[in-house]
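Enquirer: Have a look at this one before I ask anything.
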Amino acid sequence: MSGTAVPGTAPPGGGIRTRVKRQLARRVGTSPGEGATVLIYHRVGGRSPDELDVSAADFAAQADLLAALPPGRVVSLDEAADRIGAGRRTPGVVLTFDDGFADVYDNAWPLLRERGLPFTVYLASGHVGGEMRWEGSTAKAAGAPALSWAQLREMTASGLCTVANHTRTHARPELLSTAELDACNDDVEEHLGVRPRHYAYTWGVPVPHMEPALRARFRTAATGEVGRNTPGVDPVRLRRVPVRRTDPIDFFRAKLHGRLIPERAYAGIVATAKAVGARA
């Protein structure tokens, strides 16, 4: 499936991905699902054509929806882990940003700060202050600026931002090692004065043989598996829900309430399209 759009903006109505998602989101309830829905962002307003680069305008609309939720619905990753550990099925939304792109500071941070929304940055610490580019990255075409340590200090000083581990070099899953984990932790502790308590698998791919090392270092580890998190979930196999450039607002609203049937249905359509050779 393919559609055209101005880079960095979701198609206003003509993009096939957006049209399909809009149809899938129809008649989805708005009562919240139980447990924590952990949203995955990567870039915000980077103006690339990548599906993981949400336009600044779309993010502003999403932030407004988040801010309008009842008190206690948008929570930090630690608060979500506290609730799960205590056996509470309280609905909650956790915002996470993978990698550490500077456009998160430029375009997301002002809105998050104004609305008092907590969030987590899963940081590939070796790229801080430099360029974000690696195989499969959302900046693979031309590279993109990374966050600086000064920007990270500003965000963490607010009490809203949690900085978590995403390896030092954004290591591929098969190259994940304790050295990668510890180097990232050391970088963050040196520059921010805190040691990360959470981790996200690169590319969302679990690495089973590393789970003992992860359990020894972190409170949680997040995968790319789609789903909510309720009591009994393995803390090193947290599920998350991606937010994409072509998500219309109703499709996002369904994710926000933990209503994931549209997301799973869309994933099935994409998988089928790829299987028959379509461009998805």
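Starting from 1 in every chain, residues are counted up; chains themselves are A, B, ... following the order of the structure tokens, and ligands are numbered from 1 as listed.
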Compile a residue-level contact table for segment 195-278 of chain A against segment 52-67 of chain A at a cut-off of 10 Å, reporting for every qualifying residue the shortest atom pair and its distance in Å to one decimal, with only C-alpha atoms counted, rows ordered by chain and ascending number, as JSON lines.
Expert:
{"residue": "A:Pro242", "atom": "CA", "partner": "A:Leu52", "partner_atom": "CA", "distance": 8.1}
{"residue": "A:Val243", "atom": "CA", "partner": "A:Leu52", "partner_atom": "CA", "distance": 7.0}
{"residue": "A:Arg244", "atom": "CA", "partner": "A:Leu52", "partner_atom": "CA", "distance": 5.0}
{"residue": "A:Arg245", "atom": "CA", "partner": "A:Val54", "partner_atom": "CA", "distance": 4.3}
{"residue": "A:Thr246", "atom": "CA", "partner": "A:Val54", "partner_atom": "CA", "distance": 7.9}
{"residue": "A:Asp247", "atom": "CA", "partner": "A:Val54", "partner_atom": "CA", "distance": 8.8}
{"residue": "A:Pro248", "atom": "CA", "partner": "A:Asp58", "partner_atom": "CA", "distance": 8.5}
{"residue": "A:Ile249", "atom": "CA", "partner": "A:Gln62", "partner_atom": "CA", "distance": 7.3}
{"residue": "A:Phe252", "atom": "CA", "partner": "A:Gln62", "partner_atom": "CA", "distance": 7.5}
{"residue": "A:Arg253", "atom": "CA", "partner": "A:Leu65", "partner_atom": "CA", "distance": 7.7}
{"residue": "A:Leu256", "atom": "CA", "partner": "A:Leu66", "partner_atom": "CA", "distance": 7.8}
Enquirer: Put those residues in a file: C-alpha atoms, as a short mmCIF file (atom, residue, chain, number, x, y, z; two decimals), in the first residue's frame.
Expert:
data_model
loop_
_atom_site.label_atom_id
_atom_site.label_comp_id
_atom_site.auth_asym_id
_atom_site.auth_seq_id
_atom_site.Cartn_x
_atom_site.Cartn_y
_atom_site.Cartn_z
CA PRO A 242 3.63 2.33 17.86
CA VAL A 243 2.42 5.76 16.76
CA ARG A 244 2.93 6.38 13.05
CA ARG A 245 2.88 9.32 10.66
CA THR A 246 -0.23 8.11 8.83
CA ASP A 247 -2.35 7.50 11.95
CA PRO A 248 -5.54 9.59 11.71
CA ILE A 249 -6.74 11.04 14.99
CA PHE A 252 -4.69 7.30 17.58
CA ARG A 253 -7.62 7.75 19.96
CA LEU A 256 -4.89 5.92 23.54
#
Enquirer: Leaving out Gly258 of chain A and any residue of its chain fewer than 5 positions from it, which residues lie within 7 Å of it when counting only C-alpha atoms, given as a PyMOL selection string?
Expert: chain A and resi 32-33+37+228
Enquirer: How would the residues just chosen look if you wrote them out with N, CA and C atoms as a PDB file, in the first residue's frame?
Expert:
ATOM      1  N   PRO A  32     -11.704   2.951  28.521  1.00  0.00           N
ATOM      2  CA  PRO A  32     -10.301   2.543  28.510  1.00  0.00           C
ATOM      3  C   PRO A  32     -10.103   1.064  28.808  1.00  0.00           C
ATOM      4  N   GLY A  33      -9.148   0.470  28.123  1.00  0.00           N
ATOM      5  CA  GLY A  33      -8.764  -0.898  28.430  1.00  0.00           C
ATOM      6  C   GLY A  33      -7.957  -0.947  29.710  1.00  0.00           C
ATOM      7  N   THR A  37      -0.965   1.164  28.616  1.00  0.00           N
ATOM      8  CA  THR A  37      -0.699   1.221  27.185  1.00  0.00           C
ATOM      9  C   THR A  37       0.537   2.087  26.987  1.00  0.00           C
ATOM     10  N   ARG A 228      -1.319  -4.316  25.628  1.00  0.00           N
ATOM     11  CA  ARG A 228      -1.336  -3.603  26.908  1.00  0.00           C
ATOM     12  C   ARG A 228      -0.567  -4.420  27.940  1.00  0.00           C
TER      13      ARG A 228
END
Enquirer: Pick out the closest residue to Met210 of chain A from this set: A:Val188, A:Leu176, A:Val233, A:Val121. Count only C-alpha atoms.
Expert: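 Smallest distance to Met210 of chain A is found for A:Leu176.
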Enquirer: Considering only alpha helix (DSSP H) as DSSP defines it on the backbone, what residues of segment 118-198 of chain A qualify? List them as a list in words.
Expert: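 Listing alpha helix (DSSP H) positions across segment 118-198 of chain A yields Trp149, Ala150, Gln151, Leu152, Arg153, Glu154, Met155, Thr156, Ala157, Thr178, Ala179, Glu180, Leu181, Asp182, Ala183, Cys184, Asn185, Asp186, Asp187, Val188, Glu189, Glu190, His191 and Leu192 of chain A.
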Enquirer: For those residues, write C-alpha atoms to a file as a PDB file, in the first residue's frame.
Expert:
ATOM      1  CA  TRP A 149      23.270  16.443  27.027  1.00  0.00           C
ATOM      2  CA  ALA A 150      22.181  20.023  27.830  1.00  0.00           C
ATOM      3  CA  GLN A 151      18.760  19.353  26.313  1.00  0.00           C
ATOM      4  CA  LEU A 152      18.475  16.091  28.212  1.00  0.00           C
ATOM      5  CA  ARG A 153      19.447  17.854  31.462  1.00  0.00           C
ATOM      6  CA  GLU A 154      16.745  20.455  30.899  1.00  0.00           C
ATOM      7  CA  MET A 155      14.073  17.838  30.307  1.00  0.00           C
ATOM      8  CA  THR A 156      15.054  15.616  33.240  1.00  0.00           C
ATOM      9  CA  ALA A 157      15.312  18.609  35.598  1.00  0.00           C
ATOM     10  CA  THR A 178      26.502  -6.280  28.795  1.00  0.00           C
ATOM     11  CA  ALA A 179      29.193  -3.887  27.541  1.00  0.00           C
ATOM     12  CA  GLU A 180      26.586  -2.036  25.429  1.00  0.00           C
ATOM     13  CA  LEU A 181      24.179  -1.850  28.367  1.00  0.00           C
ATOM     14  CA  ASP A 182      26.780  -0.709  30.872  1.00  0.00           C
ATOM     15  CA  ALA A 183      28.337   1.866  28.539  1.00  0.00           C
ATOM     16  CA  CYS A 184      24.956   3.535  28.044  1.00  0.00           C
ATOM     17  CA  ASN A 185      24.234   3.458  31.779  1.00  0.00           C
ATOM     18  CA  ASP A 186      27.666   4.947  32.494  1.00  0.00           C
ATOM     19  CA  ASP A 187      27.168   7.739  29.927  1.00  0.00           C
ATOM     20  CA  VAL A 188      23.802   8.719  31.380  1.00  0.00           C
ATOM     21  CA  GLU A 189      25.058   8.613  34.949  1.00  0.00           C
ATOM     22  CA  GLU A 190      28.126  10.704  34.091  1.00  0.00           C
ATOM     23  CA  HIS A 191      26.150  13.439  32.330  1.00  0.00           C
ATOM     24  CA  LEU A 192      22.797  13.405  34.119  1.00  0.00           C
TER      25      LEU A 192
END
Enquirer: Hey, can you check how far atom CA of Ala273 of chain A sits from atom CA of Arg259 of chain A?
Expert: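 Taking atom CA of Ala273 of chain A as the start and atom CA of Arg259 of chain A as the end point, the length is 23.3 Å.
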Enquirer: For the atom pair atom CA of His166 of chain A and atom CA of Trp203 of chain A, what is the interatomic distance in Å to one decimal place?
Expert: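 One can read the atom CA of His166 of chain A to atom CA of Trp203 of chain A distance as 10.0 Å.
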Enquirer: Between A:Ser76, A:Thr223, A:Thr18, A:Ser125, which residue has the minimum interatomic distance to Leu147 of chain A, considering only C-alpha atoms?
Expert: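 Between A:Ser76, A:Thr223, A:Thr18, A:Ser125, the residue approaching Leu147 of chain A most closely is A:Ser125.
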Enquirer: So, counting only C-alpha atoms, which residue among A:Gly227, A:Pro206, A:Pro212, A:Gly35 is closest to Arg88 of chain A?
Expert: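 Among A:Gly227, A:Pro206, A:Pro212, A:Gly35, it is A:Gly35 that comes nearest to Arg88 of chain A.
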Enquirer: Taking into account only C-alpha atoms, which residue in the set A:Arg264, A:His127, A:Arg172, A:His42 is nearest to Thr202 of chain A?
Expert: A:Arg172
Enquirer: Could you go through segment 202-274 of chain A and tell me which residues DSSP, when run on the backbone, assigns to strand (DSSP E), listing them as a list in words?
Expert: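 The residues of segment 202-274 of chain A classed as strand (DSSP E) are Thr220, Ala221, Ala222, Thr223, Gly224, Glu225, Val226, Leu238, Arg239, Arg240, Val241 and Pro242 of chain A.
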Enquirer: Atoms to include: C-alpha atoms. Write the selected residues as a compact mmCIF listing (two decimals), in the first residue's frame.
Expert:
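File part_5.txt, as written:
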# COMPACT_ATOMS: atom_id res chain seq x y z
CA THR A 220 11.65 -3.10 32.98
CA ALA A 221 12.60 -3.88 29.40
CA ALA A 222 10.26 -2.95 26.56
CA THR A 223 9.68 -4.93 23.37
CA GLY A 224 7.93 -4.06 20.12
CA GLU A 225 5.17 -6.59 20.72
CA VAL A 226 1.80 -4.86 20.44
CA LEU A 238 6.67 -5.13 28.27
CA ARG A 239 4.41 -4.60 25.27
CA ARG A 240 4.12 -1.30 23.42
CA VAL A 241 2.02 0.34 20.71
CA PRO A 242 3.63 2.33 17.86
Enquirer: I want to know what sits within 7 Å of Pro196 of chain A, based on only C-alpha atoms, with residues of the same chain fewer than 6 positions away left out; could you give that as a list in words?
Expert: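 Within the cut-off, the hits are Val163, Ala164, Asn165 and Asn185 of chain A.
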Enquirer: Rounded to one decimal, what separation in Å do you get between atom CA of Ala86 of chain A and atom CA of Arg215 of chain A?
Expert: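 These atoms are spaced 18.3 Å apart.
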Enquirer: Between A:Val75, A:Cys161, A:Ala254, A:Val93, which has the minimum distance to Ala108 of chain A (counting only C-alpha atoms)?
Expert: A:Cys161
